[in-house]
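Everything below belongs to structure_27.txt, which stores compact mmCIF, N, CA and C atoms.
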# COMPACT_ATOMS: atom_id res chain seq x y z
N MET A 1 1.26 -37.46 -13.50
CA MET A 1 0.41 -37.26 -12.34
C MET A 1 1.05 -36.32 -11.34
N GLY A 2 2.37 -36.29 -11.23
CA GLY A 2 3.05 -35.49 -10.22
C GLY A 2 2.75 -34.01 -10.29
N ALA A 3 2.99 -33.37 -11.44
CA ALA A 3 2.79 -31.92 -11.57
C ALA A 3 1.31 -31.57 -11.46
N GLU A 4 0.43 -32.39 -12.08
CA GLU A 4 -1.00 -32.10 -12.02
C GLU A 4 -1.56 -32.26 -10.62
N SER A 5 -1.12 -33.29 -9.88
CA SER A 5 -1.63 -33.48 -8.52
C SER A 5 -1.08 -32.41 -7.59
N ASP A 6 0.17 -31.96 -7.82
CA ASP A 6 0.72 -30.86 -7.02
C ASP A 6 -0.10 -29.60 -7.24
N GLN A 7 -0.47 -29.33 -8.49
CA GLN A 7 -1.27 -28.15 -8.83
C GLN A 7 -2.63 -28.23 -8.15
N ALA A 8 -3.25 -29.40 -8.15
CA ALA A 8 -4.56 -29.56 -7.53
C ALA A 8 -4.47 -29.35 -6.02
N GLU A 9 -3.39 -29.81 -5.38
CA GLU A 9 -3.22 -29.62 -3.94
C GLU A 9 -3.04 -28.15 -3.59
N LEU A 10 -2.31 -27.42 -4.44
CA LEU A 10 -2.05 -26.00 -4.17
C LEU A 10 -3.31 -25.16 -4.34
N GLY A 11 -4.14 -25.51 -5.29
CA GLY A 11 -5.37 -24.75 -5.52
C GLY A 11 -5.09 -23.43 -6.21
N ALA A 12 -5.82 -22.40 -5.80
CA ALA A 12 -5.75 -21.09 -6.45
C ALA A 12 -4.92 -20.11 -5.64
N CYS A 13 -4.37 -19.13 -6.33
CA CYS A 13 -3.63 -18.03 -5.69
C CYS A 13 -4.57 -17.28 -4.74
N PHE A 14 -4.10 -16.97 -3.55
CA PHE A 14 -4.92 -16.28 -2.55
C PHE A 14 -5.34 -14.89 -3.00
N LEU A 15 -4.64 -14.31 -3.98
CA LEU A 15 -4.90 -12.93 -4.37
C LEU A 15 -5.69 -12.82 -5.68
N CYS A 16 -5.34 -13.65 -6.67
CA CYS A 16 -5.97 -13.48 -8.00
C CYS A 16 -6.73 -14.71 -8.48
N GLN A 17 -6.68 -15.78 -7.74
CA GLN A 17 -7.36 -17.03 -8.05
C GLN A 17 -6.79 -17.77 -9.26
N ALA A 18 -5.64 -17.35 -9.78
CA ALA A 18 -4.96 -18.11 -10.84
C ALA A 18 -4.41 -19.40 -10.22
N PRO A 19 -4.09 -20.40 -11.02
CA PRO A 19 -3.51 -21.61 -10.45
C PRO A 19 -2.22 -21.28 -9.68
N ALA A 20 -2.11 -21.77 -8.47
CA ALA A 20 -0.96 -21.47 -7.60
C ALA A 20 0.22 -22.38 -7.93
N CYS A 21 1.42 -21.86 -7.66
CA CYS A 21 2.62 -22.66 -7.89
C CYS A 21 3.36 -22.97 -6.59
N LYS A 22 3.07 -22.24 -5.52
CA LYS A 22 3.75 -22.47 -4.24
C LYS A 22 2.81 -22.14 -3.09
N THR A 23 3.10 -22.72 -1.94
CA THR A 23 2.40 -22.41 -0.69
C THR A 23 3.37 -21.65 0.20
N CYS A 24 2.85 -20.71 0.98
CA CYS A 24 3.70 -19.95 1.90
C CYS A 24 4.42 -20.90 2.83
N GLU A 25 5.74 -20.84 2.83
CA GLU A 25 6.54 -21.74 3.67
C GLU A 25 6.49 -21.37 5.14
N HIS A 26 5.99 -20.18 5.46
CA HIS A 26 5.95 -19.73 6.86
C HIS A 26 4.64 -20.11 7.54
N CYS A 27 3.52 -19.71 6.96
CA CYS A 27 2.22 -19.99 7.60
C CYS A 27 1.54 -21.22 7.03
N LYS A 28 1.89 -21.58 5.80
CA LYS A 28 1.29 -22.73 5.11
C LYS A 28 -0.23 -22.61 4.96
N LEU A 29 -0.75 -21.37 5.01
CA LEU A 29 -2.20 -21.16 4.92
C LEU A 29 -2.67 -20.68 3.56
N VAL A 30 -1.77 -20.09 2.78
CA VAL A 30 -2.15 -19.57 1.46
C VAL A 30 -1.16 -20.05 0.41
N SER A 31 -1.66 -20.08 -0.83
CA SER A 31 -0.81 -20.39 -1.98
C SER A 31 -0.82 -19.17 -2.89
N PHE A 32 0.19 -19.08 -3.73
CA PHE A 32 0.30 -17.93 -4.62
C PHE A 32 0.83 -18.37 -5.97
N CYS A 33 0.61 -17.53 -6.99
CA CYS A 33 0.99 -17.89 -8.36
C CYS A 33 2.29 -17.25 -8.81
N LYS A 34 2.74 -16.21 -8.12
CA LYS A 34 3.99 -15.55 -8.51
C LYS A 34 4.58 -14.81 -7.32
N GLU A 35 5.83 -14.43 -7.45
CA GLU A 35 6.58 -13.81 -6.36
C GLU A 35 5.94 -12.50 -5.90
N SER A 36 5.43 -11.69 -6.81
CA SER A 36 4.84 -10.42 -6.39
C SER A 36 3.61 -10.65 -5.50
N HIS A 37 2.88 -11.73 -5.71
CA HIS A 37 1.73 -12.04 -4.86
C HIS A 37 2.20 -12.59 -3.51
N ARG A 38 3.32 -13.31 -3.49
CA ARG A 38 3.89 -13.74 -2.21
C ARG A 38 4.27 -12.53 -1.38
N GLN A 39 4.81 -11.51 -2.04
CA GLN A 39 5.21 -10.30 -1.33
C GLN A 39 4.02 -9.53 -0.78
N VAL A 40 2.87 -9.62 -1.41
CA VAL A 40 1.65 -9.01 -0.85
C VAL A 40 1.27 -9.75 0.43
N HIS A 41 1.38 -11.06 0.39
CA HIS A 41 1.03 -11.88 1.55
C HIS A 41 2.03 -11.70 2.70
N ARG A 42 3.29 -11.60 2.38
CA ARG A 42 4.34 -11.50 3.40
C ARG A 42 5.34 -10.42 2.98
N PRO A 43 4.99 -9.14 3.16
CA PRO A 43 5.88 -8.07 2.72
C PRO A 43 7.09 -7.86 3.64
N GLY A 44 7.01 -8.36 4.85
CA GLY A 44 8.11 -8.21 5.80
C GLY A 44 8.35 -9.52 6.51
N SER A 45 8.32 -9.47 7.82
CA SER A 45 8.63 -10.66 8.62
C SER A 45 7.39 -11.41 9.08
N GLU A 46 6.20 -10.93 8.73
CA GLU A 46 4.97 -11.60 9.14
C GLU A 46 4.02 -11.78 7.97
N CYS A 47 3.28 -12.87 8.01
CA CYS A 47 2.28 -13.16 6.97
C CYS A 47 0.99 -12.43 7.31
N PHE A 48 0.37 -11.83 6.28
CA PHE A 48 -0.96 -11.26 6.48
C PHE A 48 -1.97 -12.40 6.52
N SER A 49 -3.08 -12.16 7.17
CA SER A 49 -4.05 -13.23 7.44
C SER A 49 -5.31 -13.09 6.60
N PHE A 50 -5.16 -12.85 5.29
CA PHE A 50 -6.34 -12.74 4.44
C PHE A 50 -6.12 -13.43 3.11
N ALA A 51 -7.22 -13.72 2.48
CA ALA A 51 -7.24 -14.21 1.10
C ALA A 51 -8.41 -13.53 0.40
N ILE A 52 -8.29 -13.38 -0.90
CA ILE A 52 -9.37 -12.80 -1.69
C ILE A 52 -10.16 -13.94 -2.32
N GLN A 53 -11.47 -13.88 -2.19
CA GLN A 53 -12.33 -14.87 -2.82
C GLN A 53 -13.33 -14.13 -3.71
N GLN A 54 -14.03 -14.88 -4.51
CA GLN A 54 -14.98 -14.27 -5.44
C GLN A 54 -16.22 -15.13 -5.54
N SER A 55 -17.37 -14.46 -5.63
CA SER A 55 -18.63 -15.16 -5.87
C SER A 55 -19.43 -14.37 -6.88
N GLU A 56 -20.36 -15.03 -7.54
CA GLU A 56 -21.18 -14.36 -8.53
C GLU A 56 -22.09 -13.31 -7.89
N THR A 57 -22.52 -13.56 -6.65
CA THR A 57 -23.45 -12.62 -6.01
C THR A 57 -22.74 -11.48 -5.28
N ALA A 58 -21.58 -11.75 -4.66
CA ALA A 58 -20.91 -10.72 -3.87
C ALA A 58 -19.72 -10.08 -4.58
N GLY A 59 -19.24 -10.66 -5.65
CA GLY A 59 -18.05 -10.15 -6.32
C GLY A 59 -16.80 -10.59 -5.55
N ARG A 60 -15.76 -9.76 -5.56
CA ARG A 60 -14.52 -10.08 -4.83
C ARG A 60 -14.63 -9.60 -3.39
N TYR A 61 -14.16 -10.42 -2.46
CA TYR A 61 -14.20 -10.05 -1.05
C TYR A 61 -13.04 -10.70 -0.31
N MET A 62 -12.73 -10.14 0.85
CA MET A 62 -11.61 -10.60 1.66
C MET A 62 -12.11 -11.50 2.78
N VAL A 63 -11.39 -12.61 3.02
CA VAL A 63 -11.71 -13.51 4.12
C VAL A 63 -10.46 -13.74 4.96
N ALA A 64 -10.65 -14.02 6.23
CA ALA A 64 -9.53 -14.33 7.13
C ALA A 64 -9.05 -15.75 6.86
N THR A 65 -7.74 -15.94 6.94
CA THR A 65 -7.16 -17.27 6.77
C THR A 65 -6.82 -17.91 8.11
N ARG A 66 -6.97 -17.15 9.17
CA ARG A 66 -6.74 -17.64 10.53
C ARG A 66 -7.47 -16.71 11.49
N ASP A 67 -7.53 -17.07 12.77
CA ASP A 67 -8.11 -16.17 13.76
C ASP A 67 -7.25 -14.92 13.84
N ILE A 68 -7.90 -13.77 13.94
CA ILE A 68 -7.18 -12.49 13.97
C ILE A 68 -7.37 -11.88 15.35
N ALA A 69 -6.26 -11.61 16.02
CA ALA A 69 -6.31 -11.01 17.35
C ALA A 69 -6.59 -9.51 17.23
N ALA A 70 -7.11 -8.93 18.30
CA ALA A 70 -7.34 -7.48 18.34
C ALA A 70 -6.02 -6.77 18.07
N LEU A 71 -6.07 -5.73 17.27
CA LEU A 71 -4.95 -4.89 16.90
C LEU A 71 -3.94 -5.54 15.95
N ASP A 72 -4.21 -6.76 15.44
CA ASP A 72 -3.36 -7.34 14.40
C ASP A 72 -3.51 -6.53 13.13
N THR A 73 -2.42 -6.34 12.41
CA THR A 73 -2.48 -5.67 11.12
C THR A 73 -3.02 -6.66 10.11
N ILE A 74 -4.05 -6.26 9.39
CA ILE A 74 -4.68 -7.14 8.40
C ILE A 74 -4.15 -6.84 7.00
N LEU A 75 -3.96 -5.57 6.69
CA LEU A 75 -3.55 -5.17 5.35
C LEU A 75 -2.83 -3.84 5.44
N VAL A 76 -1.83 -3.65 4.61
CA VAL A 76 -1.11 -2.38 4.53
C VAL A 76 -1.12 -1.95 3.07
N GLU A 77 -1.55 -0.73 2.82
CA GLU A 77 -1.57 -0.19 1.48
C GLU A 77 -0.87 1.16 1.47
N ARG A 78 -0.28 1.49 0.35
CA ARG A 78 0.35 2.79 0.17
C ARG A 78 -0.72 3.81 -0.19
N ALA A 79 -0.64 4.97 0.41
CA ALA A 79 -1.63 6.02 0.13
C ALA A 79 -1.51 6.50 -1.31
N ALA A 80 -2.63 6.81 -1.92
CA ALA A 80 -2.64 7.34 -3.28
C ALA A 80 -2.08 8.76 -3.30
N ALA A 81 -2.33 9.52 -2.24
CA ALA A 81 -1.81 10.88 -2.11
C ALA A 81 -1.71 11.21 -0.63
N VAL A 82 -0.75 12.05 -0.30
CA VAL A 82 -0.56 12.48 1.08
C VAL A 82 -0.57 13.99 1.09
N GLY A 83 -1.29 14.58 2.01
CA GLY A 83 -1.32 16.03 2.06
C GLY A 83 -2.02 16.52 3.30
N PRO A 84 -1.99 17.81 3.51
CA PRO A 84 -2.61 18.39 4.70
C PRO A 84 -4.13 18.43 4.60
N LYS A 85 -4.77 18.54 5.74
CA LYS A 85 -6.22 18.74 5.76
C LYS A 85 -6.51 20.14 5.25
N LEU A 86 -7.69 20.32 4.70
CA LEU A 86 -8.03 21.62 4.12
C LEU A 86 -8.35 22.67 5.18
N ARG A 87 -8.87 22.26 6.33
CA ARG A 87 -9.30 23.22 7.34
C ARG A 87 -8.41 23.14 8.58
N ASN A 88 -7.13 23.25 8.38
CA ASN A 88 -6.16 23.17 9.47
C ASN A 88 -5.08 24.20 9.26
N THR A 89 -4.20 24.28 10.22
CA THR A 89 -3.00 25.10 10.04
C THR A 89 -2.20 24.49 8.90
N ALA A 90 -1.61 25.31 8.06
CA ALA A 90 -0.81 24.79 6.95
C ALA A 90 0.38 24.00 7.49
N VAL A 91 0.70 22.90 6.82
CA VAL A 91 1.83 22.07 7.21
C VAL A 91 2.73 21.82 6.01
N CYS A 92 3.99 21.56 6.29
CA CYS A 92 4.98 21.24 5.27
C CYS A 92 4.60 19.92 4.60
N LEU A 93 4.71 19.86 3.30
CA LEU A 93 4.34 18.66 2.55
C LEU A 93 5.35 17.53 2.69
N GLU A 94 6.50 17.78 3.26
CA GLU A 94 7.50 16.72 3.47
C GLU A 94 7.55 16.25 4.92
N CYS A 95 7.68 17.18 5.86
CA CYS A 95 7.86 16.77 7.27
C CYS A 95 6.61 17.00 8.12
N TRP A 96 5.61 17.65 7.56
CA TRP A 96 4.33 17.94 8.20
C TRP A 96 4.43 18.86 9.42
N ALA A 97 5.52 19.60 9.52
CA ALA A 97 5.64 20.62 10.56
C ALA A 97 4.73 21.79 10.18
N GLU A 98 4.22 22.49 11.19
CA GLU A 98 3.39 23.66 10.89
C GLU A 98 4.21 24.69 10.13
N VAL A 99 3.54 25.37 9.20
CA VAL A 99 4.21 26.33 8.33
C VAL A 99 3.63 27.71 8.59
N ASP A 100 4.50 28.69 8.75
CA ASP A 100 4.08 30.08 8.88
C ASP A 100 3.81 30.60 7.47
N LEU A 101 2.56 30.93 7.18
CA LEU A 101 2.20 31.35 5.83
C LEU A 101 2.84 32.67 5.41
N ALA A 102 3.39 33.39 6.38
CA ALA A 102 4.07 34.64 6.05
C ALA A 102 5.49 34.38 5.55
N SER A 103 6.04 33.18 5.83
CA SER A 103 7.44 32.95 5.46
C SER A 103 7.71 31.54 4.92
N TYR A 104 6.72 30.88 4.38
CA TYR A 104 6.94 29.51 3.89
C TYR A 104 7.72 29.50 2.57
N VAL A 105 8.24 28.35 2.20
CA VAL A 105 8.94 28.15 0.94
C VAL A 105 7.98 27.40 0.02
N ALA A 106 7.66 28.00 -1.13
CA ALA A 106 6.67 27.41 -2.03
C ALA A 106 7.32 26.42 -3.00
N CYS A 107 6.57 25.40 -3.35
CA CYS A 107 6.99 24.47 -4.40
C CYS A 107 7.05 25.25 -5.71
N ARG A 108 8.11 25.06 -6.48
CA ARG A 108 8.28 25.82 -7.72
C ARG A 108 7.29 25.40 -8.80
N GLN A 109 6.76 24.16 -8.72
CA GLN A 109 5.83 23.70 -9.75
C GLN A 109 4.37 24.01 -9.39
N CYS A 110 3.98 23.77 -8.14
CA CYS A 110 2.55 23.87 -7.82
C CYS A 110 2.23 24.95 -6.78
N GLY A 111 3.24 25.47 -6.08
CA GLY A 111 3.01 26.54 -5.12
C GLY A 111 2.63 26.11 -3.72
N LEU A 112 2.51 24.81 -3.46
CA LEU A 112 2.15 24.35 -2.11
C LEU A 112 3.33 24.58 -1.15
N PRO A 113 3.04 24.63 0.17
CA PRO A 113 4.04 25.08 1.14
C PRO A 113 5.00 23.99 1.65
N PHE A 114 6.24 24.43 1.86
CA PHE A 114 7.26 23.66 2.58
C PHE A 114 7.78 24.55 3.70
N CYS A 115 8.29 23.94 4.76
CA CYS A 115 8.79 24.72 5.88
C CYS A 115 10.19 25.26 5.61
N SER A 116 10.92 24.63 4.70
CA SER A 116 12.29 25.05 4.41
C SER A 116 12.68 24.63 3.01
N ASP A 117 13.78 25.19 2.53
CA ASP A 117 14.27 24.80 1.22
C ASP A 117 14.76 23.34 1.24
N LEU A 118 15.26 22.88 2.38
CA LEU A 118 15.70 21.49 2.51
C LEU A 118 14.54 20.53 2.24
N CYS A 119 13.37 20.79 2.84
CA CYS A 119 12.20 19.96 2.59
C CYS A 119 11.74 20.07 1.15
N ARG A 120 11.79 21.26 0.58
CA ARG A 120 11.38 21.44 -0.82
C ARG A 120 12.27 20.63 -1.75
N GLN A 121 13.56 20.57 -1.46
CA GLN A 121 14.50 19.83 -2.30
C GLN A 121 14.36 18.31 -2.11
N ALA A 122 13.93 17.88 -0.94
CA ALA A 122 13.80 16.44 -0.67
C ALA A 122 12.78 15.79 -1.59
N ARG A 123 11.59 16.36 -1.68
CA ARG A 123 10.52 15.91 -2.58
C ARG A 123 10.28 14.41 -2.54
N LEU A 124 10.36 13.81 -1.38
CA LEU A 124 10.12 12.38 -1.25
C LEU A 124 8.63 12.07 -1.29
N LEU A 125 7.84 12.83 -0.58
CA LEU A 125 6.40 12.60 -0.52
C LEU A 125 5.65 13.40 -1.59
N HIS A 126 6.05 14.62 -1.78
CA HIS A 126 5.30 15.54 -2.63
C HIS A 126 5.51 15.28 -4.12
N ALA A 127 6.57 14.62 -4.51
CA ALA A 127 6.88 14.42 -5.93
C ALA A 127 5.76 13.72 -6.68
N VAL A 128 5.05 12.81 -6.03
CA VAL A 128 3.98 12.07 -6.71
C VAL A 128 2.77 12.96 -6.99
N GLU A 129 2.40 13.80 -6.03
CA GLU A 129 1.18 14.59 -6.19
C GLU A 129 1.42 15.93 -6.88
N CYS A 130 2.64 16.42 -6.90
CA CYS A 130 2.93 17.75 -7.43
C CYS A 130 2.42 17.97 -8.85
N PRO A 131 2.70 17.09 -9.81
CA PRO A 131 2.23 17.36 -11.18
C PRO A 131 0.69 17.45 -11.26
N HIS A 132 0.00 16.71 -10.43
CA HIS A 132 -1.46 16.73 -10.45
C HIS A 132 -1.98 18.03 -9.84
N VAL A 133 -1.35 18.49 -8.76
CA VAL A 133 -1.76 19.75 -8.13
C VAL A 133 -1.45 20.90 -9.08
N ALA A 134 -0.31 20.85 -9.76
CA ALA A 134 0.08 21.93 -10.66
C ALA A 134 -0.93 22.09 -11.80
N LYS A 135 -1.54 20.99 -12.24
CA LYS A 135 -2.54 21.06 -13.31
C LYS A 135 -3.81 21.79 -12.86
N CYS A 136 -4.07 21.79 -11.56
CA CYS A 136 -5.31 22.37 -11.01
C CYS A 136 -5.26 23.88 -10.94
N GLU A 137 -4.10 24.47 -11.04
CA GLU A 137 -4.02 25.93 -10.88
C GLU A 137 -4.50 26.67 -12.09
So, in terms of structure tokens, how does the structure I just supplied come out?
Amino acid sequence: MGAESDQAELGACFLCQAPACKTCEHCKLVSFCKESHRQVHRPGSECFSFAIQQSETAGRYMVATRDIAALDTILVERAAAVGPKLRNTAVCLECWAEVDLASYVACRQCGLPFCSDLCRQARLLHAVECPHVAKCE
């Protein structure tokens, strides 16, 4: 009865609805099935205030797990790609400083602009999108 009743009390994972194995020790508002899902809920020093639910009519949707104050962060996601706007002054793909098109340093793979060779060598932001941009030429 112990393990089964513990499982029933925990319910479903807040993110994927699989059977949960632990409850957040900080907020005690959500349960999760694995460590990677705990990290989605609490990636730093604060717990996010959402859970994912599912219904046959609405599909998957997000609900608040507590009252959310104005300007509270609800969710943080990594951008799929980072780059300059198309109708703006050209900017460096690493530091986003304005680039003089008469003297910029081009990426060797895709030709997009960097403000300096130092930024071109860094390739912290641009490395992910470069192979995809290079295919477009």
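Each of A:Ser45, A:Gln109, A:Gln39, A:Thr65 was checked against Pro131 of chain A using only N, CA and C atoms; the smallest atom-to-atom distance is that of A:Gln109.
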Please extract the residues of segment 6-136 of chain A with a backbone DSSP assignment of strand (DSSP E) and present them as a PyMOL selection string.
chain A and resi 22-23+31-32+50-55+59-64+105-106+113-114
Using the chain letters and numbers from this document, which residues of chain A does DSSP assign to helix (DSSP H, G or I), as a PyMOL selection string?
chain A and resi 2-10+35-41+117-122+126-136
Quick one: pull the distance between atom C of Ala79 of chain A and atom C of Leu125 of chain A, Å, one decimal.
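Computing it gives 9.9 Å between the two atoms.
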For segment 40-77 of chain A versus segment 29-36 of chain A, which residues have an atom no more than 8 Å away, and what is each residue's nearest atom pair and distance in Å rounded to one decimal, using only N, CA and C atoms, chain-then-number order, as JSON lines?
{"residue": "A:Val40", "atom": "N", "partner": "A:Ser36", "partner_atom": "C", "distance": 4.3}
{"residue": "A:His41", "atom": "N", "partner": "A:Ser36", "partner_atom": "C", "distance": 6.3}
{"residue": "A:Arg42", "atom": "N", "partner": "A:Ser36", "partner_atom": "C", "distance": 7.9}
{"residue": "A:Phe50", "atom": "C", "partner": "A:Val30", "partner_atom": "CA", "distance": 7.5}
{"residue": "A:Ala51", "atom": "CA", "partner": "A:Val30", "partner_atom": "CA", "distance": 7.4}
{"residue": "A:Thr65", "atom": "C", "partner": "A:Leu29", "partner_atom": "CA", "distance": 6.5}
{"residue": "A:Arg66", "atom": "N", "partner": "A:Leu29", "partner_atom": "CA", "distance": 7.5}
Could you tell me how far atom C of Ile74 of chain A lies from atom N of Tyr61 of chain A, in Å and to one decimal?
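The value is 14.2 Å.
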Expected residue set, 8 Å radius at (7.2, 15.5, 5.4), only N, CA and C atoms, as a list in words
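These residues have at least one counted atom within 8 Å: Val91, Cys92, Leu93, Glu94, Cys95, Trp96, Ala97, Cys119, Leu124, Leu125 and His126 of chain A.
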State, in Å with one decimal place, the distance from atom CA of Arg120 of chain A to atom CA of Ala102 of chain A.
16.6 Å
